[in-house]
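Peer 1: Quick one: the structure is below, and I'll ask about it shortly.
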Amino acid sequence: MTDAGTTADAGRRPARWSAWWLPRGLHPGAWWLWALGLATAASHTTNPLPLALLVAVAALVVVRRRGDAPWALAFRMYVWLGVVIVAMRVVFRIVFGGGQGEHVLVRLPEIPLPEWAAGIRLFGPVAVEQILGGFYDGLRLATMLICLGAANALANPKRLLKAVPGALYAVGTAVVVALSVAPQLVESVLRVRRARRLRGATGRGVRALRGIALPVLADALDRSLALAAAMDSRGYGRTGAVPAGQRTITGGLVLGGLVGVCAGTYGLLDSAAPGYLGLPMLLAGLAAAVTGMLLAGRRVRRSRYRPDRWLPAELLVAGCGVAAAALTMLAGTVDPQLLYPPVSPLTWPQLTPLMLLAVGVAAAPAWLAPPPPVVRVHRPPVADPPVPVPTTTSPGDRS
Amino acid sequence: MITFDRVTVQYAEGGPPPLRDVTLHIDEGELCLVAGRTGAGKSTLLRAINGLVPHFTGGTLHGAVTVDGRDTRTHPPRDLADVVGVVGQDPLAGFVTDTVEEELAYGMEQLALPPAVMRKRVEETLDLLGIADLRDRPLRTLSGGQQQRVAIGAVLTAHPRVLVLDEPTSALDPTAAEDVLATVTRLVHDLGVTVVLAEHRLERVLQYADRLLYLPGDGHVHDGTPATALTHIDIAPPLIELGRLAGWTPLPLSVRDARRRASDLRHRLAGAEPPPAPVAPDTCPTLTARKIVVRYPGTVAVAGVDLDLRPGEIVALMGRNGSGKSSLLWAVQGSGPRHGGTVAVTGPRGTADPEALRAGQARRYVGLVPQNSGDLLYLETVDAECAQADRETGAADGACRALLDRITPGLPGDRHPRDLSEGQRLALALAVQLTAAPPVVLLDEPTRGLDYHAKRQFSAIVRMLAGDGRAVVVATHDVELVATLADRVIVMAEGETVADGTTAEVMLASPAFAPQVAKVLAPAPWLTVEQVAAAISATRAPA
C-alpha cells in the first residue's frame with residue numbers, strides 16, 4: 001500500500017505518527033475549507049505580491065497533494081481562466097476607463113460618443129495608473145478563482161457530494177446520476193451521427209438534427225427507465241413515512257438556514273455591508289440549516305460505505321486555511337494601506353511580516369497533509385477494451 | 001421460495017396478456033431457466049418476481065406472487081431488495097455510481113447495513129466473483145463480461161436469496177459468457193442461491209439448469225426438467241436437434257452426455273462425408289482492402305488487415321469483444337476513421353474508395369448495418385422510413401417496401417419502428433440500406449437478441465443476398481450461426497487477422513470455435529445438424 005518513500009519515513013518516526021503519514025484521500029471538506037480560507041485572504045487585498053504568493057501556494061499544494069484522477073488535472077484550466085480574467089480587466093480599463101492618471105503611456109485616438117452616452121469614454125489616453133488598477137483588480141479575482149480550482153483538483157467532487165448530510169442524500173444521488181448520464185449522452189450522439197452518415201445524410205440542417213435528436217432522446221429515455229427500475233429493485237427510497245408537518249418544518253429550516261448562510265457570507269466578504277449581515281447572520285443561518293438537516297437526517301434509514309472521517313490531519317489543513325484568512329484580516333486592521341496599495345501616486349507594493357506569515361501557514365498542507373493514495377495503474381478508457389484471457393479454459397463441451 | 005399462484009398479467013395498453021393463469025413453485029437452490037421466443041413474456045415473468053410488474057411497469061396482476069413469504073402486492077420492489085437481486089440485460093444502464101467498489105456498496109447503503117458489515121461483504125464479494133483487481137476501476141472502462149459480473153456482485157452484497165438474471169450473456173463473446181455463467185453456477189452450488197435466468201442461446205446454459213420454464217407465447221408456462229421439456233418444444237439448440245435426430249432419450253444436455261452416446265451415430269456416419277465446402281468462386285474480388293489501420297488514443301484497433309470479398313460470398317468475422325471487428329467494418333465502409341491502407345470497391349460506376357466519396361455515394365458501394373440497428377431509423381412509421389429510403393437513394397417509389405416484403409413479408413406499415421421486435425427492426429434497417437443496392441453488405445453483430453426462429457429467418461435473408469451476387473460480411477460471436485451460414489471465417493485478435501479460411505477449416509481447428517455438432521462427432525468434420533441429417537437420409541436410401 002505504501003510507496004518506498006513513505007515506508008522509509010515511517011520507519012524513522014515513532015509508531016504513533018506512522019498512521020498519520022499513510023497515503024489516503026483527505027476529507028474533501030478539509031480541502032474546501034482550506035481553499036475558501038485562501039480565497040478569503042485573497043479577497044482582502046489587492047497587493048499583487050501576496051496575491052502572487054497565494055497563487056504560488058495553491059499551485060504548490062496541488063502539485064504535491066493531488067491524486068491521479070481526471071478532475072485533478074483541471075487545475076491548469078483554472079490557471080488559464082485566471083490569466084484570461086486579468087487580461088480582460090486590463091483590456092476593459094484601456095477601452096472604457098481612459099483618462100485618469102498622470103503617467104500616460106500612449107494616446108489612443110478617442111472615439112466620440114453621442115450625448116446620451118455621456119460618462120463613457122472609448123479609448124483616449126492610456127495611463128499606467130489605470131492599467132495597474134485593472135491589473136490589481138483582475139489579479140484579486142483570478143487568485144480567488146484559482147484557490148477554488150485548487151480545492152476542485154485536490155478533493156474528489158463526487159466524494160464531496162457523498163459527504164452531504166442525510167437529508168440532502170436524494171439531491172446528491174440526482175447530481176451523481178446526472179454527471180454519469182452526460183458522457184453517455186455524448187456517446188449516443190456520436191453513435192447516431194455515425195449511423196446517419198450510413199444513410200447518406202450529411203449531418204447538417206434541421207432535418208439532420210431531428211434525425212439525431214429523436215434516437216438519442218429515445219435512447220436516453222430507455223436508459224433512465226432501466227436505471228430507475230434498477231434503483232428501485234436495489235432498495236432506493238426505503239424511507240420511513242414522515243408526517244407532512246414535520247417535513248415542512250425541516251424543509252423551511254434548511255432553506256432559511258441556507259439563505260442565511262449566503263447572506264452572512266456576502267456580508268462577511270463585502271466590507272461595505274452593515275455589521276449584522278456578517279458573522280452573526282452566518283452563524284444564525286448555519287445553526288438553522290444544521291438543525292433542519294439533523295431533523296431530516298434522523299428520518300433517513302441509510303448507512304454510508306467507507307465514509308470520509310474527520311481526523312486531526314483534516315483539522316490541521318482546514319485550520320491552515322482559516323488561519324491564513326484570519327492573519328490577512330489582522331494585517332488589514334494593522335496596515336490597511338499596505339494591503340490596498342494606492343495606484344496614484346504610484347508606489348511599489350510592500351509585504352508585511354503578517355502577510356508573509358499568512359502565506360507560510362497557507363502553504364503548510366503541502367508537507368503536513370497526508371500524501372494522496374498510491375497511484376494504481378488504470379488502463380486507458382477505450383470504447384470496448386479487450387477481455388482478459390482467462391487463465392483456465394475448458395474448451396471441451398461448451399460454446 | 002418463489003410461488004406464483006394463478007397469476008395473470010395484463011398491461012394497460014391492451015393486447016393479449018403476457019402471462020395467463022400461471023401457477024408454479026420454484027424451490028430453494030434451484031437454477032431455473034426461462035426460455036421462449038422474443039415477446040413471449042419472459043421479462044414479464046422475471047420482473048413479476050420482485051414486483052417490478054406491476055409496481056413499476058403498470059398494468060394489472062391477478063393472483064399472487066410470493067417470494068420468501070412476502071407478497072409482492074404489499075411489498076414494492078424496494079422492500080424486496082434484501083430478498084431478490086435483479087440484474088438486467090444491459091448492466092451499464094443499471095449502474096448508479098461510477099466505480100466498482102461504490103457500486104458494490106450501493107445496495108447495502110440503501111438497506112442501512114452497518115459500515116463494518118458493508119466493508120466485509122464488499123471484500124468477500126470482490127473475491128467471490130474474481131473482480132478484486134477491478135475494485136477502483138471506473139465502471140465505464142470495464143469490458144462487457146466484467147460489467148456483468150460487477151452487476152451480479154452489486155446485487156449479491158445484499159445477500160439476496162433469489163437472483164434474477166435477464167439475458168445476462170446476450171451481449172458477450174463466448175469466453176466472457178462462460179465466465180459469467182461459471183460465476184452463476186458457482187453461486188448456486190456454493191451459496192445455495194436460487195437463480196432464475198432467461199436466455200436466448202440455450203446451448204450455453206441448458207446443461208446447468210435444474211428446471212426449464214418454457215413460454216410458448218400464449219401466456220401459459222410449461223414447467224419441467226430440461227430433458228423432458230425440450231422433447232416437444234420448437235426452440236432448441238443444435239445439440240438437442242441432433243439428439244432428436246438420433247433418437248436419444250433422454251435428450252443429452254451437455255456435449256459430454258451426447259459424446260458418450262454418439263459412438264453409434266459416429267459409426268453410422270463412418271462412410272459418409274459432409275458436402276464439400278462450396279469452392280470459392282474464382283471471380284475477381286468486389287472489395288479489396290489492403291493494410292487497413294485504425295487507431296484510437298492508447299490502442300491500435302486494426303493493425304494492417306487485408307480483406308478480399310468476392311461476389312456471392314458470405315464471410316463471418318469473429319473474435320472477442322474489442323478485437324477490432326467493428327472498427328474494421330466501419331473503416332472499410334468509409335464512415336469510420338481510417339488511418340492507413342486502401343480500399344477499392346467495384347461498384348455501379350466503376351471502382352472507387354468509399355471514403356473518398358460523399359456519404360450518399362459511399363452507401364451505393366458498401367452498405368453497413370450497425371450493431372444497434374435502430375440507430376438507422378428515426379421516423380414514426382415503417383412506411384415513412386421506406387419512403388424516406390426511396391427519396392434518399394433516388395430509387396423508384398416502393399423499392400424499399402418491395403425489398404422489405406421480400407425479406408419479411410407482411411410487416412404492418414403503420415407500426416412505429418421502436419415497437420417492432422429485434423428481428424423485424426433488423427429487417428427494416430437492412431431493407432433501408434439495401435435500397436441503395438450496394439454490392440457489399442456489412443452486418444455488425446446482427447443476431448444480438450434474436451431467438452432461434454429469428455436467427456433462422458435471418459440466415460435465409462443473408463443467403464438470399466449472397467444469391468443475388470452480393471458479398472456479405474457478418475461480424476458475430478455466435479458460433480452455431482456461423483457454422484450454418486458462412487462460407488469463409490476470419491478470426492481477429494488485437495486488431496490482426498489470426499485465421500482466415502473456409503468455415504470447416506477454421507471452426508474444426510480450434511475447440512473454442514467448434515460448434516456443438518463438431519464437438520460431439522469429432523474427429524469427423526461435421527458442422528451442422530442439417531449436414532448430419534442429409535447424410536443419414538442418404539445412407540438410408542440405398543438400404
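Each chain in the C-alpha cells gets a letter, A, B, ..., in the order shown, and its residues are numbered from 1; ligands are numbered from 1 in order too.
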What parts of range 84-161 of chain B does DSSP call strand (DSSP E or B)? I'd like the answer as a PyMOL selection string.
Peer 2: chain B and resi 84-87+99+138
Peer 1: Mind dumping the selected residues with C-alpha atoms as a PDB file, in the first residue's frame?
Peer 2:
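Contents of the output file selection.pdb:
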```
ATOM      1  CA  VAL B  84     -34.429 -10.644  -4.608  1.00  0.00           C
ATOM      2  CA  GLY B  85     -31.498  -9.350  -6.652  1.00  0.00           C
ATOM      3  CA  VAL B  86     -32.267  -8.371 -10.240  1.00  0.00           C
ATOM      4  CA  VAL B  87     -29.666  -7.946 -12.980  1.00  0.00           C
ATOM      5  CA  THR B  99     -16.593   2.875  -9.587  1.00  0.00           C
ATOM      6  CA  PRO B 138     -14.496   3.248 -13.345  1.00  0.00           C
TER       7      PRO B 138
END
```
Peer 1: Pull out every residue of chain B sitting within 6 Å of chain A, counting only C-alpha atoms, and send them as a PyMOL selection string.
Peer 2: chain B and resi 77-78+81+93-94+107+109-110+112+115+141+143+255+321-322+359-360+375-376+378+511-512
Peer 1: Can you tell me, as a count of residues only, what residues are no more than 8 Å from range 298-308 of chain B when counting only C-alpha atoms, ignoring any on the same chain fewer than 5 positions away?
Peer 2: 22
Peer 1: Hey, which of B:Met1, B:Val205, B:Ala460, B:Val482 ends up closest to Pro237 in chain B? Count only C-alpha atoms.
Peer 2: B:Val205
Peer 1: Just asking: which residues within range 273-391 of chain B are helix (DSSP H, G or I) according to DSSP, as a VMD selection string?
Peer 2: chain B and resid 325 to 333 354 to 356 359 to 365 373 to 376 382 to 391
Peer 1: Kindly assemble as JSON lines a list of the range 56-158 of chain A residues that lie within 7 Å of range 29-42 of chain A, each paired with its nearest atom pair and their distance in Å to one decimal, using only C-alpha atoms, sorted first by chain and then by ascending residue number.
Peer 2:
```
{"residue": "A:Arg140", "atom": "CA", "partner": "A:Ala42", "partner_atom": "CA", "distance": 6.1}
{"residue": "A:Thr143", "atom": "CA", "partner": "A:Ala42", "partner_atom": "CA", "distance": 6.5}
{"residue": "A:Met144", "atom": "CA", "partner": "A:Ala39", "partner_atom": "CA", "distance": 4.5}
{"residue": "A:Cys147", "atom": "CA", "partner": "A:Ala35", "partner_atom": "CA", "distance": 5.4}
{"residue": "A:Leu148", "atom": "CA", "partner": "A:Ala35", "partner_atom": "CA", "distance": 5.8}
{"residue": "A:Ala150", "atom": "CA", "partner": "A:Ala35", "partner_atom": "CA", "distance": 6.9}
{"residue": "A:Ala151", "atom": "CA", "partner": "A:Trp32", "partner_atom": "CA", "distance": 5.3}
{"residue": "A:Leu154", "atom": "CA", "partner": "A:Trp31", "partner_atom": "CA", "distance": 6.7}
{"residue": "A:Ala155", "atom": "CA", "partner": "A:Trp31", "partner_atom": "CA", "distance": 6.3}
```
Peer 1: Kindly indicate which residue among A:Gly360, A:Pro371, A:Pro109, A:Gly251 lies nearest to Leu327 in chain A, using only C-alpha atoms for the distances.
Peer 2: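 Closest to Leu327 in chain A, using only C-alpha atoms: A:Gly360.
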Peer 1: Please identify all polymer residues within 12 Å of Ala369 in chain A, counting only C-alpha atoms, omitting same-chain residues fewer than 2 positions from it, and present them as number ranges by chain.
Peer 2: A: 20-27, 30-31, 34, 61-62, 64-66, 154, 311-320, 362-367, 371-373
